[in-house]
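Below: entry00.pdb (PDB, N, CA and C atoms)
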```pdb
ATOM      1  N   MET C   1      51.548 -68.188  -4.021
ATOM      2  CA  MET C   1      51.375 -67.903  -5.430
ATOM      3  C   MET C   1      50.594 -69.018  -6.116
ATOM      4  N   HIS C   2      50.935 -70.273  -5.779
ATOM      5  CA  HIS C   2      50.231 -71.379  -6.416
ATOM      6  C   HIS C   2      48.764 -71.427  -5.990
ATOM      7  N   GLY C   3      48.469 -70.928  -4.793
ATOM      8  CA  GLY C   3      47.079 -70.897  -4.334
ATOM      9  C   GLY C   3      46.224 -70.001  -5.220
ATOM     10  N   LEU C   4      46.778 -68.876  -5.622
ATOM     11  CA  LEU C   4      46.067 -67.965  -6.511
ATOM     12  C   LEU C   4      45.858 -68.594  -7.895
ATOM     13  N   LEU C   5      46.870 -69.318  -8.357
ATOM     14  CA  LEU C   5      46.743 -69.978  -9.656
ATOM     15  C   LEU C   5      45.715 -71.105  -9.610
ATOM     16  N   VAL C   6      45.696 -71.839  -8.511
ATOM     17  CA  VAL C   6      44.696 -72.903  -8.359
ATOM     18  C   VAL C   6      43.301 -72.293  -8.291
ATOM     19  N   PHE C   7      43.152 -71.175  -7.584
ATOM     20  CA  PHE C   7      41.863 -70.473  -7.548
ATOM     21  C   PHE C   7      41.459 -70.032  -8.957
ATOM     22  N   SER C   8      42.430 -69.550  -9.727
ATOM     23  CA  SER C   8      42.141 -69.133 -11.100
ATOM     24  C   SER C   8      41.666 -70.306 -11.942
ATOM     25  N   ILE C   9      42.283 -71.463 -11.770
ATOM     26  CA  ILE C   9      41.867 -72.654 -12.507
ATOM     27  C   ILE C   9      40.442 -73.037 -12.148
ATOM     28  N   VAL C  10      40.135 -73.023 -10.860
ATOM     29  CA  VAL C  10      38.779 -73.373 -10.413
ATOM     30  C   VAL C  10      37.771 -72.371 -10.953
ATOM     31  N   PHE C  11      38.098 -71.087 -10.882
ATOM     32  CA  PHE C  11      37.190 -70.056 -11.370
ATOM     33  C   PHE C  11      36.956 -70.190 -12.870
ATOM     34  N   LEU C  12      38.023 -70.425 -13.629
ATOM     35  CA  LEU C  12      37.878 -70.599 -15.070
ATOM     36  C   LEU C  12      37.079 -71.852 -15.406
ATOM     37  N   ALA C  13      37.262 -72.909 -14.628
ATOM     38  CA  ALA C  13      36.495 -74.137 -14.864
ATOM     39  C   ALA C  13      35.003 -73.895 -14.622
ATOM     40  N   ILE C  14      34.676 -73.112 -13.605
ATOM     41  CA  ILE C  14      33.272 -72.785 -13.339
ATOM     42  C   ILE C  14      32.697 -71.952 -14.486
ATOM     43  N   THR C  15      33.457 -70.989 -14.971
ATOM     44  CA  THR C  15      32.953 -70.169 -16.074
ATOM     45  C   THR C  15      32.835 -70.981 -17.369
ATOM     46  N   VAL C  16      33.676 -72.000 -17.547
ATOM     47  CA  VAL C  16      33.539 -72.889 -18.701
ATOM     48  C   VAL C  16      32.223 -73.651 -18.612
ATOM     49  N   MET C  17      31.846 -74.074 -17.405
ATOM     50  CA  MET C  17      30.567 -74.767 -17.239
ATOM     51  C   MET C  17      29.388 -73.839 -17.554
ATOM     52  N   ILE C  18      29.499 -72.583 -17.161
ATOM     53  CA  ILE C  18      28.444 -71.616 -17.472
ATOM     54  C   ILE C  18      28.360 -71.398 -18.986
ATOM     55  N   CYS C  19      29.505 -71.296 -19.632
ATOM     56  CA  CYS C  19      29.512 -71.147 -21.092
ATOM     57  C   CYS C  19      28.976 -72.399 -21.773
ATOM     58  N   SER C  20      29.207 -73.560 -21.182
ATOM     59  CA  SER C  20      28.666 -74.803 -21.743
ATOM     60  C   SER C  20      27.145 -74.772 -21.735
ATOM     61  N   TYR C  21      26.582 -74.225 -20.691
ATOM     62  CA  TYR C  21      25.124 -74.081 -20.631
ATOM     63  C   TYR C  21      24.636 -73.197 -21.777
ATOM     64  N   ARG C  22      25.330 -72.084 -22.008
ATOM     65  CA  ARG C  22      24.944 -71.181 -23.101
ATOM     66  C   ARG C  22      25.127 -71.863 -24.454
ATOM     67  N   ALA C  23      26.158 -72.674 -24.582
ATOM     68  CA  ALA C  23      26.395 -73.377 -25.846
ATOM     69  C   ALA C  23      25.302 -74.412 -26.118
ATOM     70  N   ILE C  24      24.755 -74.983 -25.084
ATOM     71  CA  ILE C  24      23.706 -75.990 -25.264
ATOM     72  C   ILE C  24      22.348 -75.333 -25.484
ATOM     73  N   LYS C  25      22.024 -74.329 -24.702
ATOM     74  CA  LYS C  25      20.698 -73.717 -24.750
ATOM     75  C   LYS C  25      20.502 -72.719 -25.879
ATOM     76  N   GLY C  26      21.520 -72.012 -26.262
ATOM     77  CA  GLY C  26      21.357 -71.065 -27.373
ATOM     78  C   GLY C  26      21.013 -69.669 -26.888
ATOM     79  N   PRO C  27      20.047 -69.011 -27.357
ATOM     80  CA  PRO C  27      18.917 -69.377 -28.204
ATOM     81  C   PRO C  27      19.233 -69.381 -29.692
ATOM     82  N   LYS C  28      20.299 -68.696 -30.123
ATOM     83  CA  LYS C  28      20.616 -68.640 -31.550
ATOM     84  C   LYS C  28      21.931 -69.370 -31.802
ATOM     85  N   ALA C  29      22.170 -69.669 -33.071
ATOM     86  CA  ALA C  29      23.415 -70.341 -33.446
ATOM     87  C   ALA C  29      24.630 -69.454 -33.168
ATOM     88  N   THR C  30      24.470 -68.149 -33.315
ATOM     89  CA  THR C  30      25.594 -67.251 -33.045
ATOM     90  C   THR C  30      25.950 -67.239 -31.560
ATOM     91  N   ASP C  31      24.937 -67.334 -30.692
ATOM     92  CA  ASP C  31      25.198 -67.428 -29.256
ATOM     93  C   ASP C  31      25.983 -68.692 -28.942
ATOM     94  N   ARG C  32      25.611 -69.772 -29.593
ATOM     95  CA  ARG C  32      26.315 -71.038 -29.385
ATOM     96  C   ARG C  32      27.756 -70.952 -29.876
ATOM     97  N   LEU C  33      27.949 -70.327 -31.018
ATOM     98  CA  LEU C  33      29.292 -70.181 -31.576
ATOM     99  C   LEU C  33      30.184 -69.355 -30.655
ATOM    100  N   ILE C  34      29.672 -68.260 -30.160
ATOM    101  CA  ILE C  34      30.456 -67.409 -29.260
ATOM    102  C   ILE C  34      30.785 -68.155 -27.975
ATOM    103  N   ALA C  35      29.823 -68.912 -27.449
ATOM    104  CA  ALA C  35      30.070 -69.677 -26.226
ATOM    105  C   ALA C  35      31.161 -70.724 -26.449
ATOM    106  N   ILE C  36      31.123 -71.395 -27.580
ATOM    107  CA  ILE C  36      32.148 -72.400 -27.879
ATOM    108  C   ILE C  36      33.514 -71.739 -28.056
ATOM    109  N   ASN C  37      33.544 -70.577 -28.668
ATOM    110  CA  ASN C  37      34.793 -69.843 -28.828
ATOM    111  C   ASN C  37      35.356 -69.416 -27.473
ATOM    112  N   VAL C  38      34.494 -68.967 -26.584
ATOM    113  CA  VAL C  38      34.939 -68.573 -25.243
ATOM    114  C   VAL C  38      35.463 -69.786 -24.478
ATOM    115  N   ILE C  39      34.800 -70.922 -24.638
ATOM    116  CA  ILE C  39      35.270 -72.144 -23.981
ATOM    117  C   ILE C  39      36.670 -72.498 -24.485
ATOM    118  N   GLY C  40      36.886 -72.388 -25.792
ATOM    119  CA  GLY C  40      38.206 -72.674 -26.346
ATOM    120  C   GLY C  40      39.272 -71.738 -25.809
ATOM    121  N   THR C  41      38.946 -70.468 -25.711
ATOM    122  CA  THR C  41      39.899 -69.490 -25.192
ATOM    123  C   THR C  41      40.224 -69.754 -23.729
ATOM    124  N   LYS C  42      39.207 -70.051 -22.937
ATOM    125  CA  LYS C  42      39.438 -70.338 -21.519
ATOM    126  C   LYS C  42      40.227 -71.636 -21.333
ATOM    127  N   THR C  43      40.019 -72.591 -22.216
ATOM    128  CA  THR C  43      40.796 -73.825 -22.148
ATOM    129  C   THR C  43      42.266 -73.554 -22.430
ATOM    130  N   VAL C  44      42.551 -72.680 -23.373
ATOM    131  CA  VAL C  44      43.936 -72.293 -23.655
ATOM    132  C   VAL C  44      44.566 -71.670 -22.411
ATOM    133  N   VAL C  45      43.854 -70.785 -21.753
ATOM    134  CA  VAL C  45      44.371 -70.144 -20.540
ATOM    135  C   VAL C  45      44.572 -71.169 -19.430
ATOM    136  N   LEU C  46      43.630 -72.093 -19.281
ATOM    137  CA  LEU C  46      43.759 -73.142 -18.253
ATOM    138  C   LEU C  46      45.007 -73.990 -18.486
ATOM    139  N   ILE C  47      45.239 -74.372 -19.714
ATOM    140  CA  ILE C  47      46.417 -75.196 -20.001
ATOM    141  C   ILE C  47      47.706 -74.403 -19.774
ATOM    142  N   CYS C  48      47.696 -73.111 -20.091
ATOM    143  CA  CYS C  48      48.876 -72.273 -19.830
ATOM    144  C   CYS C  48      49.168 -72.164 -18.337
ATOM    145  N   ILE C  49      48.137 -71.973 -17.547
ATOM    146  CA  ILE C  49      48.329 -71.903 -16.098
ATOM    147  C   ILE C  49      48.844 -73.236 -15.567
ATOM    148  N   LEU C  50      48.271 -74.320 -16.055
ATOM    149  CA  LEU C  50      48.718 -75.645 -15.639
ATOM    150  C   LEU C  50      50.174 -75.874 -16.042
ATOM    151  N   SER C  51      50.554 -75.405 -17.206
ATOM    152  CA  SER C  51      51.941 -75.520 -17.647
ATOM    153  C   SER C  51      52.883 -74.759 -16.726
ATOM    154  N   PHE C  52      52.449 -73.598 -16.284
ATOM    155  CA  PHE C  52      53.272 -72.806 -15.368
ATOM    156  C   PHE C  52      53.400 -73.485 -14.015
ATOM    157  N   ILE C  53      52.298 -74.034 -13.501
ATOM    158  CA  ILE C  53      52.333 -74.686 -12.192
ATOM    159  C   ILE C  53      53.225 -75.923 -12.225
ATOM    160  N   LEU C  54      53.079 -76.738 -13.269
ATOM    161  CA  LEU C  54      53.835 -77.984 -13.362
ATOM    162  C   LEU C  54      55.239 -77.803 -13.928
ATOM    163  N   LYS C  55      55.545 -76.590 -14.415
ATOM    164  CA  LYS C  55      56.841 -76.279 -15.026
ATOM    165  C   LYS C  55      57.157 -77.229 -16.177
ATOM    166  N   GLU C  56      56.148 -77.470 -16.998
ATOM    167  CA  GLU C  56      56.294 -78.314 -18.187
ATOM    168  C   GLU C  56      56.087 -77.440 -19.422
ATOM    169  N   THR C  57      57.109 -77.292 -20.223
ATOM    170  CA  THR C  57      57.029 -76.386 -21.364
ATOM    171  C   THR C  57      56.329 -77.003 -22.576
ATOM    172  N   TYR C  58      56.233 -78.318 -22.640
ATOM    173  CA  TYR C  58      55.608 -78.924 -23.810
ATOM    174  C   TYR C  58      54.110 -78.645 -23.865
ATOM    175  N   PHE C  59      53.510 -78.249 -22.759
ATOM    176  CA  PHE C  59      52.099 -77.861 -22.768
ATOM    177  C   PHE C  59      51.859 -76.638 -23.647
ATOM    178  N   ILE C  60      52.872 -75.791 -23.783
ATOM    179  CA  ILE C  60      52.731 -74.602 -24.615
ATOM    180  C   ILE C  60      52.532 -75.013 -26.077
ATOM    181  N   ASP C  61      53.220 -76.060 -26.508
ATOM    182  CA  ASP C  61      53.005 -76.572 -27.869
ATOM    183  C   ASP C  61      51.571 -77.067 -28.036
ATOM    184  N   VAL C  62      51.075 -77.744 -27.019
ATOM    185  CA  VAL C  62      49.695 -78.232 -27.045
ATOM    186  C   VAL C  62      48.732 -77.054 -27.129
ATOM    187  N   VAL C  63      49.009 -76.005 -26.375
ATOM    188  CA  VAL C  63      48.148 -74.820 -26.371
ATOM    189  C   VAL C  63      48.120 -74.171 -27.756
ATOM    190  N   LEU C  64      49.265 -74.065 -28.397
ATOM    191  CA  LEU C  64      49.315 -73.441 -29.721
ATOM    192  C   LEU C  64      48.508 -74.238 -30.741
ATOM    193  N   VAL C  65      48.645 -75.551 -30.713
ATOM    194  CA  VAL C  65      47.889 -76.385 -31.642
ATOM    195  C   VAL C  65      46.396 -76.298 -31.336
ATOM    196  N   TYR C  66      46.043 -76.349 -30.054
ATOM    197  CA  TYR C  66      44.638 -76.266 -29.667
ATOM    198  C   TYR C  66      44.032 -74.928 -30.072
ATOM    199  N   ALA C  67      44.775 -73.846 -29.874
ATOM    200  CA  ALA C  67      44.273 -72.518 -30.241
ATOM    201  C   ALA C  67      44.078 -72.411 -31.753
ATOM    202  N   LEU C  68      44.988 -72.982 -32.514
ATOM    203  CA  LEU C  68      44.858 -72.944 -33.965
ATOM    204  C   LEU C  68      43.641 -73.736 -34.428
ATOM    205  N   ILE C  69      43.452 -74.927 -33.874
ATOM    206  CA  ILE C  69      42.295 -75.738 -34.234
ATOM    207  C   ILE C  69      41.002 -75.040 -33.822
ATOM    208  N   SER C  70      41.002 -74.431 -32.655
ATOM    209  CA  SER C  70      39.818 -73.715 -32.178
ATOM    210  C   SER C  70      39.489 -72.537 -33.099
ATOM    211  N   PHE C  71      40.508 -71.800 -33.519
ATOM    212  CA  PHE C  71      40.285 -70.661 -34.409
ATOM    213  C   PHE C  71      39.739 -71.109 -35.760
ATOM    214  N   VAL C  72      40.360 -72.119 -36.330
ATOM    215  CA  VAL C  72      39.924 -72.591 -37.646
ATOM    216  C   VAL C  72      38.504 -73.139 -37.572
ATOM    217  N   SER C  73      38.200 -73.899 -36.540
ATOM    218  CA  SER C  73      36.843 -74.445 -36.424
ATOM    219  C   SER C  73      35.818 -73.337 -36.218
ATOM    220  N   THR C  74      36.171 -72.303 -35.490
ATOM    221  CA  THR C  74      35.265 -71.173 -35.312
ATOM    222  C   THR C  74      34.997 -70.480 -36.642
ATOM    223  N   MET C  75      36.029 -70.310 -37.450
ATOM    224  CA  MET C  75      35.849 -69.683 -38.754
ATOM    225  C   MET C  75      34.976 -70.536 -39.672
ATOM    226  N   VAL C  76      35.168 -71.844 -39.651
ATOM    227  CA  VAL C  76      34.369 -72.738 -40.496
ATOM    228  C   VAL C  76      32.909 -72.712 -40.066
ATOM    229  N   ILE C  77      32.664 -72.769 -38.776
ATOM    230  CA  ILE C  77      31.284 -72.757 -38.285
ATOM    231  C   ILE C  77      30.634 -71.407 -38.562
ATOM    232  N   ALA C  78      31.375 -70.317 -38.397
ATOM    233  CA  ALA C  78      30.829 -68.985 -38.683
ATOM    234  C   ALA C  78      30.468 -68.855 -40.160
ATOM    235  N   ARG C  79      31.313 -69.389 -41.018
ATOM    236  CA  ARG C  79      31.021 -69.356 -42.457
ATOM    237  C   ARG C  79      29.762 -70.170 -42.761
ATOM    238  N   HIS C  80      29.628 -71.313 -42.097
ATOM    239  CA  HIS C  80      28.435 -72.147 -42.295
ATOM    240  C   HIS C  80      27.166 -71.407 -41.825
ATOM    241  N   ILE C  81      27.249 -70.754 -40.689
ATOM    242  CA  ILE C  81      26.102 -70.000 -40.170
ATOM    243  C   ILE C  81      25.765 -68.856 -41.122
ATOM    244  N   GLU C  82      26.784 -68.179 -41.629
ATOM    245  CA  GLU C  82      26.569 -67.071 -42.559
ATOM    246  C   GLU C  82      25.902 -67.554 -43.855
ATOM    247  N   ASN C  83      26.370 -68.646 -44.404
ATOM    248  CA  ASN C  83      25.791 -69.184 -45.643
ATOM    249  C   ASN C  83      24.371 -69.677 -45.428
ATOM    250  N   ARG C  84      24.127 -70.288 -44.295
ATOM    251  CA  ARG C  84      22.782 -70.778 -43.992
ATOM    252  C   ARG C  84      21.806 -69.635 -43.838
ATOM    253  N   GLY C  85      22.263 -68.523 -43.271
ATOM    254  CA  GLY C  85      21.404 -67.360 -43.089
ATOM    255  C   GLY C  85      21.073 -66.660 -44.390
ATOM    256  N   SER C  86      21.982 -66.707 -45.351
ATOM    257  CA  SER C  86      21.733 -66.014 -46.619
ATOM    258  C   SER C  86      20.783 -66.798 -47.524
ATOM    259  N   LYS C  87      20.628 -68.099 -47.289
ATOM    260  CA  LYS C  87      19.740 -68.912 -48.115
ATOM    261  C   LYS C  87      18.275 -68.751 -47.729
ATOM    262  N   THR C  88      18.014 -68.306 -46.509
ATOM    263  CA  THR C  88      16.626 -68.168 -46.062
ATOM    264  C   THR C  88      16.075 -66.806 -46.343
TER     265      THR C  88
END
```

Rewrite the structure of this file - the entire thing - as structure tokens.
Amino acid sequence: MHGLLVFSIVFLAITVMICSYRAIKGPKATDRLIAINVIGTKTVVLICILSFILKETYFIDVVLVYALISFVSTMVIARHIENRGSKT
């Protein structure tokens, strides 16, 4: 069972690297925003899997705080992109 979870962690880490490429290259600000949001979501899943493997429940608190910060930052950046687009 742990082998499958470790494979999942490795697979998610690889997909985070692919999303990092999209976040850096773009081509548009919305593409970058979506890539950063996906990275945040995958990080939440990675920490949850790690919490299950290590049997440490305090990681769940970390995940909740991280998810909240990720959501709020995504909303702020989306609002900034929206306002910037309406001025041009």

Could you tell me which of C:Val44, C:Ala29, C:Leu4, C:Ile39 comes closest to Ile60 (chain C) if we count only C-alpha atoms?
->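 Looking at the shortest contact to Ile60 (chain C), the residue is C:Val44.
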
Please provide the set of residues having any atom within 8 Å of Leu46 (chain C), restricted to all atoms listed in the file, with same-chain residues fewer than 4 positions apart removed, written as a list in words.
->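 Listed by chain and then number, they are Ser8, Ile9, Leu12, Ala13, Gly40, Thr41, Lys42, Leu50, Ser51 and Phe52 of chain C.
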
Which residues match the PyMOL selection byres (((chain C and resi 20 and name CA) around 12) and name CA) in the file above, as a VMD selection string?
-> chain C and resid 13 to 19 21 to 26 31 to 40 42

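Omitting Ile53 (chain C) and its sequence neighbours fewer than 2 positions away, and counting only C-alpha atoms, the residues within 9 Å are C:His2, C:Leu5, C:Val6, C:Cys48, C:Ile49, C:Leu50, C:Ser51, C:Lys55, C:Glu56.
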
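The space between atom N of Lys28 (chain C) and atom N of Glu82 (chain C) spans 13.2 Å.
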